[in-house]
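What follows is a set of notes on a single structure, which appears directly below.
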Amino acid sequence: MRTWSDRARSRRAALIAGLIGACAGVLGSWIPSFWGDEAASVMSASRTWPELWRMLQHVDGVHGVYYAFLHGWIDLFGAGEFSVRLPSALAAGLLAAGTAVLAGRWGGPRLALAAGLLAALLPRTAVMAAEARSYAIGSAIAVWLTVLLVTLLETHGRRWAWAGYAVGAAAAVYVFLYLALLLPVHGVFVLLAHRGRIRVWAGWAVAAVALATPIVLLAVSERNQIGFLAHRDYATAENVLALQWFDPVTVWPCAALIAIGAAAVLRARRRDPGAARLALLAGIWLVLPTAVILLASATVAPMYTVRYLSFCTPAAAVLVALGARAVAHAVRRMAPAGATAVGAGLLAVMLAAFVPNLVVLRGPYAKDGSDWRDAAAYLQGAARPGDSVVYDDRPKDSEQPRLIAAVYPADVARLRDPARIASFRTQPGLWDRTRPNDALTAADLTPDVWAVERGSDPERSPDVRHLESLGYRISSLHRIHVTTVLRLQR
């Protein structure tokens with residue numbers, strides 16, 4: 001039975017974890033350049049409402065709620081890196097706070113603080129907290145929806161509260177489609193731990209499914225949008241078992257703690273039923289969605305990538321925290337005086353082990369190596385108004401350097417883009433409509449041309465060879481990271 005003091009300390013733990021999670025998300029979030037996925041968000045959200053509505057009827061309809069939110073956000077705060085990533089950083093704080101609340105409900109204030117801090121700094125949280133996508137927001141919704149479910153199960157919630165749960169579960173699917181997998185997680189947990197409430201839960205779950213049916217049908221109609229996963233080997237053991245929540249350095253100690261915690265909870269399940277219930281919920285949450293997606297990928301169509309299961313991060317944090325607590329309890333039995341220090345020290349070491357990864361993720365080229373901001377800044381400083389710019393059209397759409405013009409428009413607004421036929425704003429799809437670079441003629445170009453190339457050996461790229469055939473010669477070359485900007489003169 002939790003005392004008033006325990007509840008107050010758990011609330012403080014949730015507040016501390018939430019603040020640290022938000023601060024860790026904000027810290028350095030403005031440093032990495034935008035990359036392809038974020039370009040899709042910014043380009044969609046920066047359209048007018050009619051333009052956005054038109055686009056959503058053809059592509060990315062499943063992200064419509066997030067794009068609509070981001071549209072309003074950009075209208076208020078602008079479209080810079082710090083601004084558009086801030087909602088994700090704040091959501092990371094809510095994720096950490098919700099994890100602490102969930103852990104504290106059955107494990108007390110110390111476990112609440114440990115789980116909340118781990119959720120705040122886990123590598124997967126560090127990624128989504130500085131990303132202009134819906135993953136952090138969806139993960140925060142997932143953990144607080146789970147908190148609501150647990151509260152309803154234990155307090156025999158009223159009908160209006162269950163209705164709120166159903167609406168929240170449906171809304172979660174509109175934010176990010178894969179959050180539909182949270183309902184099976186909840187259903188299995190209710191069946192195993194609150195069997196007497198299964199009929200009540202099932203009724204409201206059906207209501208949630210009914211409310212979410214339109215977005216699910218839309219997703220089915222747009223299923224070809226993730227067809228690219230068929231050409232990517234994402235469902236590897238390393239991704240599924242390690243990089244989905246951790247990083248290569250911390251995965252082994254975290255896995256060891258999860259195993260230790262599971263063994264300890266299993267052994268003490270009668271003495272500590274709260275911890276057993278928490279471990280059961282977290283275990284189902286961690287395993288079931290991944291298993292479903294992997295099975296569907298193998299039998300229906302590829303649909304796995306680590307980011308899509310980000311909403312399972314709170315479960316990973318809870319299980320690691322249970323392992324750390326089990327180690328502290330083992331020490332207490334051998335040396336009671338040092339148990340608290342050992343537990344705190346172990347937690348501190350684990351949190352410190354996440355920091356190098358966090359620093360790397362806040363580097364200037366942390367987003368898939370993208371260096372678009374530096375390339376845009378170089379063009380702004382080196383090119384003259386009216387010069388032509390030719391963007392490498394070999395990479396896939398989300399990696400094409402021409403996205404520089406969409407996410408850093410002020411830097412290249414004075415340059416001519418002869419390959420562009422129509423702006424993305426006028427298109428039903430995400431991107432500009434263009435013609436091939438090798439269709440450009442000397443009449444389309446100015447005496448000075450800037451070629452923005454991705455990859456190695458830019459001097460021998462098809463763009464440069466074509467320009468040379470038109471009488472241009474390279475006069476300068478500026479390498480950044482994955483992008484090279486060349487100046488050619490006729």
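By order of appearance in the structure tokens: chains A, B, ..., then residues from 1 within every chain, and ligands from 1 in the order shown.
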
Quick one: residues within 9 Å of Ala171 (chain A), only C-alpha atoms counted, chain neighbours fewer than 5 positions away excluded, as a PDB file with C-alpha atoms, in the first residue's frame?
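So out24.pdb came out as:
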```pdb
ATOM      1  CA  ALA A 166     -10.927   4.898 -26.117  1.00  0.00           C
ATOM      2  CA  PHE A 176       1.365   7.552 -35.590  1.00  0.00           C
ATOM      3  CA  ALA A 208     -11.178   2.856 -30.187  1.00  0.00           C
ATOM      4  CA  LEU A 211     -12.768   5.552 -34.243  1.00  0.00           C
ATOM      5  CA  ALA A 212      -9.374   4.752 -35.769  1.00  0.00           C
TER       6      ALA A 212
END
```

DSSP strand (DSSP E or B) selection over region 295-408 of chain A, as a PyMOL selection string: chain A and resi 388-391

Okay, now the selection with N, CA and C atoms, as an mmCIF file, in the first residue's frame?
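Listing of again_0.cif after writing:
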```cif
data_model
loop_
_atom_site.group_PDB
_atom_site.id
_atom_site.type_symbol
_atom_site.label_atom_id
_atom_site.label_comp_id
_atom_site.auth_asym_id
_atom_site.auth_seq_id
_atom_site.Cartn_x
_atom_site.Cartn_y
_atom_site.Cartn_z
ATOM 1 N N SER A 388 23.209 30.139 -61.641
ATOM 2 C CA SER A 388 22.448 28.887 -61.700
ATOM 3 C C SER A 388 23.020 27.880 -60.713
ATOM 4 N N VAL A 389 22.138 27.050 -60.163
ATOM 5 C CA VAL A 389 22.569 25.965 -59.290
ATOM 6 C C VAL A 389 21.957 24.666 -59.806
ATOM 7 N N VAL A 390 22.777 23.647 -59.895
ATOM 8 C CA VAL A 390 22.342 22.333 -60.353
ATOM 9 C C VAL A 390 22.515 21.358 -59.194
ATOM 10 N N TYR A 391 21.423 20.757 -58.766
ATOM 11 C CA TYR A 391 21.452 19.831 -57.632
ATOM 12 C C TYR A 391 21.539 18.392 -58.139
#
```

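Residue neighbourhood of region 408-421 of chain A, excluding near-sequence residues (fewer than 4 positions): Ala376, Gln380, Pro385, Gly386, Asp387, Ser388, Val389, Ile404, Arg433, Thr434 and Arg435 of chain A, at 6 Å, using only C-alpha atoms.
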
Would you please give, as a PyMOL selection string, all residues of region 277-472 of chain A that DSSP assigns to alpha helix (DSSP H) based on the backbone? chain A and resi 277-299+313-334+339-361+372-382+404-407+409-412+462-469

Pick out the closest residue to Ala17 (chain A) from this set: A:Ala275, A:Ile74, A:Ala119, A:Pro50. Count only C-alpha atoms. A:Ala119

Find the spatial neighbours of region 92-101 of chain A, counting only C-alpha atoms, within a cut-off of 7 Å - ignore same-chain residues fewer than 2 positions away - and output them as a ChimeraX atom specification. /A:10,13-15,17-22,25,88-90,103-105,112-113,115-117,119-120,125,129,136,139-140,143-144,314

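Restricting the calculation to only C-alpha atoms, the smallest distance between Leu470 (chain A) and any of A:Val359, A:Val320, A:Leu182, A:Ala443 is found for A:Ala443.
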
Tell me, as a ChimeraX atom specification, which residues lie within 9 Å of Glu81 (chain A), counting only C-alpha atoms; anything in the same chain fewer than 4 positions away does not count. /A:29-34,85-86,130-132

One decimal, Å: what's the distance from CA of Asp233 (chain A) over to CA of Leu358 (chain A), could you say? 25.2 Å

Nearest to Tyr165 (chain A) by atom-to-atom distance, counting only C-alpha atoms, from A:Ala451, A:Ala207, A:Met55, A:Ile137: A:Ala207

Do you know which residues are at most 9 Å from region 239-251 of chain A counting only C-alpha atoms, after dropping those on the same chain fewer than 4 positions away, and could you put them as a PyMOL selection string? chain A and resi 122-125+234-235+255-256+290+305-307+309-310+312-313+316-317+350+353-354+357
